[in-house]
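The file coords_13.txt contains compact mmCIF, C-alpha atoms:
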# COMPACT_ATOMS: atom_id res chain seq x y z
CA MET A 10 94.85 81.32 62.70
CA SER A 11 97.99 82.18 64.69
CA HIS A 12 100.07 79.69 66.61
CA ARG A 13 98.74 81.22 69.81
CA ASP A 14 95.16 80.70 68.66
CA ASP A 15 95.97 77.11 67.71
CA LEU A 16 97.37 76.44 71.18
CA ILE A 17 94.37 77.98 72.91
CA ALA A 18 92.00 76.03 70.67
CA ALA A 19 93.79 72.75 71.35
CA LEU A 20 93.74 73.37 75.09
CA LEU A 21 90.08 74.37 75.27
CA GLY A 22 88.78 71.79 72.80
CA PRO A 23 85.29 71.73 71.30
CA ASP A 24 82.75 74.24 72.55
CA GLY A 25 79.76 71.91 72.80
CA PRO A 26 78.65 68.28 72.98
CA GLU A 27 80.84 65.76 71.22
CA LEU A 28 81.03 62.03 70.70
CA THR A 29 83.36 59.79 72.65
CA CYS A 30 86.25 58.09 70.84
CA GLU A 31 84.31 54.79 70.94
CA ALA A 32 81.18 56.29 69.41
CA CYS A 33 83.31 58.09 66.86
CA PHE A 34 84.88 54.81 65.73
CA GLU A 35 81.50 53.12 65.59
CA GLU A 36 80.01 55.86 63.41
CA LEU A 37 83.05 56.65 61.29
CA ASP A 38 82.16 54.49 58.26
CA ARG A 39 78.59 55.81 58.09
CA TYR A 40 79.82 59.38 58.50
CA VAL A 41 82.38 59.01 55.72
CA ASP A 42 79.96 57.35 53.30
CA LEU A 43 77.44 60.13 53.93
CA GLN A 44 80.10 62.78 53.39
CA LEU A 45 81.21 61.19 50.13
CA ALA A 46 77.60 60.93 48.99
CA GLY A 47 77.20 64.66 49.57
CA ALA A 48 74.71 64.17 52.41
CA ASP A 49 74.60 66.12 55.66
CA ALA A 50 76.78 63.77 57.68
CA GLU A 51 76.89 66.04 60.72
CA ALA A 52 73.09 66.10 60.94
CA ALA A 53 73.04 62.31 60.82
CA VAL A 54 75.83 61.95 63.39
CA PRO A 55 75.60 64.95 65.73
CA GLY A 56 78.72 65.61 67.74
CA MET A 57 81.04 63.89 65.27
CA GLY A 58 82.44 67.14 63.84
CA ALA A 59 83.13 68.50 67.31
CA HIS A 60 84.91 65.33 68.33
CA LEU A 61 87.04 65.24 65.19
CA ALA A 62 88.02 68.84 65.85
CA GLY A 63 89.04 68.05 69.42
CA CYS A 64 90.64 64.60 69.11
CA PRO A 65 93.78 64.51 66.95
CA ALA A 66 93.89 60.70 66.67
CA CYS A 67 90.25 60.35 65.61
CA ARG A 68 90.70 63.27 63.19
CA ASP A 69 93.65 61.43 61.70
CA ASP A 70 91.63 58.21 61.41
CA HIS A 71 88.78 60.09 59.75
CA GLU A 72 91.06 61.77 57.21
CA SER A 73 92.59 58.44 56.34
CA LEU A 74 89.27 56.60 55.85
CA HIS A 75 87.75 59.50 53.93
CA GLU A 76 90.67 59.73 51.55
CA PHE A 77 91.09 55.99 51.08
CA VAL A 78 87.40 55.36 50.36
CA ARG A 79 87.26 58.38 48.06
CA VAL A 80 90.16 57.08 46.01
CA ALA A 81 89.02 53.43 46.13
CA SER A 82 85.55 54.44 44.93
CA SER A 83 86.70 56.61 42.07
CA MET B 21 78.89 51.22 72.50
CA ARG B 22 77.57 54.64 71.78
CA GLY B 23 78.19 57.70 73.86
CA THR B 24 79.09 61.30 74.01
CA VAL B 25 81.16 63.44 76.23
CA PRO B 26 79.37 64.67 78.26
CA SER B 27 75.98 63.23 77.46
CA VAL B 28 74.10 63.99 74.28
CA PRO B 29 73.55 63.57 71.01
CA LEU B 30 73.30 60.54 68.72
CA GLU B 31 70.01 59.70 67.11
CA PRO B 32 68.29 56.76 68.74
CA THR B 33 69.19 53.41 67.29
CA ALA B 34 65.57 52.83 66.24
CA SER B 35 65.87 55.57 63.63
CA ARG B 36 68.67 53.80 61.81
CA ALA B 37 68.43 51.95 58.56
CA PRO B 38 67.46 48.30 58.90
CA ALA B 39 69.85 45.75 57.51
CA ASP B 40 67.47 44.88 54.64
CA THR B 41 68.45 48.15 52.97
CA LEU B 42 71.91 46.72 52.32
CA ASP B 43 73.34 47.41 48.91
CA ALA B 44 73.85 44.34 46.74
CA GLU B 45 77.63 44.26 47.12
CA SER B 46 77.47 44.46 50.91
CA ARG B 47 74.80 41.76 50.99
CA ARG B 48 77.04 39.53 48.86
CA TRP B 49 79.97 40.07 51.21
CA LEU B 50 77.86 39.08 54.21
CA ASP B 51 76.38 36.04 52.50
CA ASP B 52 79.78 34.83 51.33
CA LEU B 53 81.46 35.39 54.70
CA ARG B 54 78.62 33.59 56.47
CA GLY B 55 78.74 30.77 53.96
CA GLU B 56 80.58 27.51 54.30
CA GLY B 57 83.50 25.69 52.80
CA HIS B 58 85.21 26.93 49.69
CA LEU B 59 82.86 29.90 49.21
CA ARG B 60 83.67 31.26 52.64
CA ASP B 61 87.40 30.56 52.32
CA GLU B 62 87.46 32.54 49.08
CA ALA B 63 85.53 35.41 50.65
CA VAL B 64 87.91 35.52 53.61
CA ALA B 65 90.89 35.61 51.23
CA ARG B 66 89.28 38.45 49.23
CA LEU B 67 88.56 40.32 52.43
CA HIS B 68 92.13 39.94 53.62
CA ALA B 69 93.41 41.29 50.29
CA LEU B 70 91.08 44.27 50.68
CA LEU B 71 92.26 44.93 54.22
CA LEU B 72 95.89 44.60 53.21
CA ARG B 73 95.41 47.21 50.49
CA ALA B 74 93.99 49.61 53.08
CA ALA B 75 96.76 48.88 55.59
CA ARG B 76 99.44 49.45 52.93
CA TYR B 77 97.81 52.74 52.04
CA GLU B 78 98.00 53.84 55.67
CA VAL B 79 101.65 52.81 55.95
CA SER B 80 102.42 54.68 52.76
CA ARG B 81 100.57 57.77 53.98
CA ARG B 82 102.77 57.89 57.06
CA ARG B 83 106.00 56.75 55.47
CA ARG B 84 107.68 60.10 55.94
CA ALA B 85 107.21 59.89 59.71
CA LEU B 86 108.71 56.41 59.71
CA ALA B 87 111.95 57.06 57.91
CA HIS B 88 113.82 54.97 60.47
CA LEU B 89 111.96 51.79 59.43
CA ARG B 90 113.23 49.56 56.64
CA GLY B 91 111.03 48.78 53.66
CA GLY B 92 110.43 45.24 54.84
CA ASP B 93 109.27 46.56 58.20
CA HIS B 94 106.64 48.62 56.44
CA ASP B 95 105.14 45.59 54.76
CA ASP B 96 105.38 43.43 57.89
CA LEU B 97 103.47 46.10 59.74
CA ALA B 98 100.82 46.29 57.00
CA GLN B 99 100.46 42.50 57.05
CA GLN B 100 100.05 42.49 60.83
CA ALA B 101 97.46 45.24 60.61
CA ALA B 102 95.53 43.37 57.90
CA ASP B 103 95.66 40.14 59.93
CA ASP B 104 94.38 41.88 63.07
CA ALA B 105 91.71 43.71 61.10
CA LEU B 106 90.54 40.46 59.53
CA VAL B 107 90.06 38.93 62.98
CA ALA B 108 88.19 42.03 64.15
CA VAL B 109 85.92 42.16 61.09
CA LEU B 110 85.01 38.47 61.26
CA ARG B 111 84.40 38.70 65.00
CA LYS B 112 82.17 41.76 64.61
CA LEU B 113 80.37 40.67 61.46
CA ASP B 114 77.02 40.52 63.23
CA ASP B 115 77.54 44.12 64.44
CA PHE B 116 77.56 45.44 60.87
CA ARG B 117 74.25 47.22 60.52
CA GLY B 118 74.37 48.10 56.87
CA GLU B 119 74.50 51.83 57.51
CA SER B 120 77.55 52.15 55.30
CA ARG B 121 78.96 50.04 52.55
CA PHE B 122 80.50 46.85 53.90
CA THR B 123 83.84 47.74 52.37
CA THR B 124 83.91 51.15 54.11
CA TRP B 125 83.12 49.44 57.40
CA ALA B 126 85.87 46.86 56.85
CA TYR B 127 88.45 49.41 55.68
CA LYS B 128 87.92 51.26 58.95
CA PHE B 129 89.38 48.36 60.91
CA ALA B 130 92.43 47.97 58.67
CA LEU B 131 93.23 51.67 58.69
CA TYR B 132 92.76 51.82 62.44
CA GLU B 133 94.96 48.81 63.13
CA ALA B 134 97.67 50.20 60.88
CA ALA B 135 97.42 53.71 62.33
CA VAL B 136 97.66 52.51 65.93
CA LYS B 137 100.66 50.32 65.13
CA LEU B 138 102.36 53.15 63.25
CA ARG B 139 101.74 55.71 65.98
CA ARG B 140 103.13 53.30 68.56
CA ARG B 141 106.10 52.46 66.37
CA GLY B 142 106.79 56.15 65.90
CA TRP B 143 107.02 56.65 69.67
CA GLN B 144 108.79 53.39 70.45
CA GLU B 145 111.66 53.89 72.88
CA ARG B 146 110.86 57.58 73.14
CA GLU B 147 110.15 59.04 76.52
CA LEU B 148 106.72 60.62 76.67
CA PRO B 149 106.87 64.36 77.37
CA LEU B 150 104.32 64.69 80.16
CA GLU B 151 105.94 67.80 81.49
CA PRO B 152 104.80 70.97 79.83
CA GLU B 153 107.78 71.49 77.55
CA SER B 154 105.51 73.64 75.46
CA TRP B 155 104.98 76.09 78.29
CA SER B 156 107.66 78.13 76.62
CA LEU B 157 105.67 78.03 73.40
CA LEU B 158 102.61 79.18 75.24
CA ALA B 159 104.52 81.92 77.01
CA ALA B 160 106.22 83.00 73.80
CA ALA B 161 102.89 83.04 72.02
CA GLY B 162 101.60 85.45 74.64
CA SER B 163 104.60 87.74 74.64
CA SER B 164 104.66 88.67 70.98
CA PRO B 165 104.67 92.43 70.53
CA SER B 166 101.78 92.07 68.15
CA ASP B 167 99.55 90.40 70.70
CA HIS B 168 96.82 92.36 72.31
CA ALA B 169 96.98 92.76 76.05
CA ALA B 170 93.71 90.89 76.44
CA ASP B 171 95.11 87.87 74.62
CA SER B 172 98.18 87.87 76.84
CA GLU B 173 95.96 88.04 79.91
CA LEU B 174 94.02 85.05 78.61
CA LEU B 175 97.21 83.05 78.16
CA VAL B 176 98.41 83.92 81.64
CA ALA B 177 95.04 82.89 83.08
CA LEU B 178 95.09 79.70 81.04
CA GLN B 179 98.53 78.78 82.30
CA ALA B 180 97.43 79.43 85.88
CA ALA B 181 94.31 77.32 85.40
CA ILE B 182 96.36 74.44 84.02
CA ALA B 183 98.90 74.74 86.83
CA ASP B 184 96.54 74.88 89.78
CA GLY B 185 93.05 74.05 88.52
CA LEU B 186 93.61 70.52 87.25
CA SER B 187 94.54 67.27 88.92
CA ALA B 188 98.05 66.02 88.18
CA HIS B 189 96.62 63.29 85.92
CA GLN B 190 94.42 65.75 84.02
CA ARG B 191 97.39 68.07 83.57
CA ASP B 192 99.64 65.27 82.32
CA VAL B 193 97.05 64.10 79.80
CA LEU B 194 96.16 67.60 78.59
CA VAL B 195 99.77 68.66 78.19
CA ALA B 196 100.91 65.44 76.54
CA ILE B 197 98.13 65.35 73.96
CA THR B 198 97.45 69.00 73.20
CA LEU B 199 100.82 70.68 73.73
CA ASN B 200 103.35 67.94 73.17
CA GLY B 201 101.60 66.03 70.39
CA VAL B 202 101.64 62.60 72.00
CA PRO B 203 99.10 60.38 70.19
CA ILE B 204 96.30 59.41 72.53
CA ASP B 205 96.64 55.68 71.85
CA VAL B 206 100.36 55.82 72.58
CA LEU B 207 99.65 57.57 75.86
CA ALA B 208 96.90 55.05 76.66
CA GLU B 209 99.28 52.16 76.15
CA ARG B 210 101.99 53.70 78.34
CA LEU B 211 99.53 54.58 81.10
CA ASN B 212 97.86 51.17 80.84
CA THR B 213 94.43 52.59 80.12
CA THR B 214 92.15 53.05 77.12
CA ARG B 215 91.89 55.74 74.48
CA GLY B 216 88.30 56.39 75.54
CA ALA B 217 89.20 56.79 79.20
CA LEU B 218 91.99 59.21 78.34
CA TYR B 219 89.75 61.28 76.09
CA LYS B 220 87.24 61.53 78.94
CA THR B 221 90.06 62.84 81.15
CA LEU B 222 91.03 65.32 78.44
CA HIS B 223 87.43 66.42 78.03
CA ASP B 224 86.99 66.93 81.78
CA ALA B 225 90.22 68.94 81.94
CA ARG B 226 89.07 71.16 79.08
CA GLN B 227 85.72 71.74 80.76
CA LYS B 228 87.49 72.72 83.98
CA LEU B 229 89.64 75.22 82.07
CA ARG B 230 86.57 76.68 80.39
CA ARG B 231 84.74 77.06 83.71
CA ARG B 232 87.77 78.61 85.36
CA LEU B 233 88.30 81.14 82.57
CA ALA B 234 84.60 82.03 82.61
CA GLU B 235 84.80 82.56 86.39
CA ASP B 236 87.81 84.79 85.81
CA GLY B 237 85.68 86.94 83.52
CA PHE B 238 86.98 85.85 80.11
CA ASP B 239 84.53 85.59 77.24
CA ILE B 240 85.52 82.26 75.73
CA ALA B 241 82.31 81.54 73.82
CA GLY B 242 83.29 80.41 70.36
CA MET B 243 86.88 79.77 71.35
CA GLY B 244 88.38 76.34 71.01
CA THR B 245 88.37 73.82 68.20
CA GLY B 246 85.55 74.43 65.76
CA GLN B 247 84.31 71.95 63.19
CA PRO B 248 86.90 70.61 60.77

Could you take the file, read its structure, and then write that structure out as structure tokens?
Amino acid sequence: MSHRDDLIAALLGPDGPELTCEACFEELDRYVDLQLAGADAEAAVPGMGAHLAGCPACRDDHESLHEFVRVASS
Amino acid sequence: MRGTVPSVPLEPTASRAPADTLDAESRRWLDDLRGEGHLRDEAVARLHALLLRAARYEVSRRRRALAHLRGGDHDDLAQQAADDALVAVLRKLDDFRGESRFTTWAYKFALYEAAVKLRRRGWQERELPLEPESWSLLAAAGSSPSDHAADSELLVALQAAIADGLSAHQRDVLVAITLNGVPIDVLAERLNTTRGALYKTLHDARQKLRRRLAEDGFDIAGMGTGQP
């Protein structure tokens, strides 16, 4: 994806329903555990993927929890 | 609190796993933390050690962005994050529904506390760029010889929509977060509001831009941030 596409994507955000930051935080642990178990986390928490794509801070928090739990569990 | 922007889509609470499906380790954590005396004190100490490990991980993950901090500052910050996370976890213990492992749920608070502190520290004493300093980036992105004319037209329309289709507050929030890379919790602190309220503003601004571009005849279906 080009820099121009990245800018347009960031400005327009998710194309569809998404969670709020509060709901994202509430669901984050369940979502991560489901992901690490190989389950369909997005089906269980609809709108989470869209929110993570559109909210840089929540995306950062998700990456951190996912990676930490993955390493801590291994 | 659950919610979406705009309205939809979480499954109803009734469909969620009851707490009696807790795994044995999570059950033990809850029992110990709800216990009394020495048993509880030990559990709280173990929990703090767990949270501190997570907070130190987060500090380490972001160390490169915090080159101006001394080593001792890093650990002070991790300790503060672990302390704050411990308070949050103990206060919210009855909110834990057993839908994840207890440790994953607890780690979330430590990583969050550390991340927020680190993002704020990273922007300490820096003026927030609310003005669209990235306009030039946007303009440059649209003026590349390799760009198609339609893409350039979209960028011009997008710039116009941002300039005259949004409120000043929506424009400030959109530009700061999406173009200038200001962390949303840093912006929330400076504007004396919440991360959730700012994201709602950002969401509303994005919806306005989408509507405006659609009215201008642009096909923007599928454009924007997809799924990670």

I need the chain A residues near chain B as a PyMOL selection string; criterion: at most 6 Å, counting all atoms listed in the file.
chain A and resi 13+18-19+21-23+27-30+32+38-39+55+58-59+62-63

- Query: Rounded to one decimal in Å, what is the spacing between CA of Asp93 in chain B and CA of Ala208 in chain B?
  - Reply: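 Distance between the two atoms: 23.8 Å.
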
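Interatomic distance, CA of Leu106 in chain B to CA of His68 in chain B: 6.1 Å.
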
For this session: Measure the distance from CA of Arg191 in chain B to CA of Leu20 in chain A in Å and round it to one decimal.
Result: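 Computing the Euclidean distance for CA of Arg191 in chain B and CA of Leu20 in chain A yields 10.6 Å.
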
Using all atoms listed in the file, the residue out of B:Leu113, B:Leu70, B:Ala177, B:Ala183 with shortest distance to Ala234 in chain B is B:Ala177
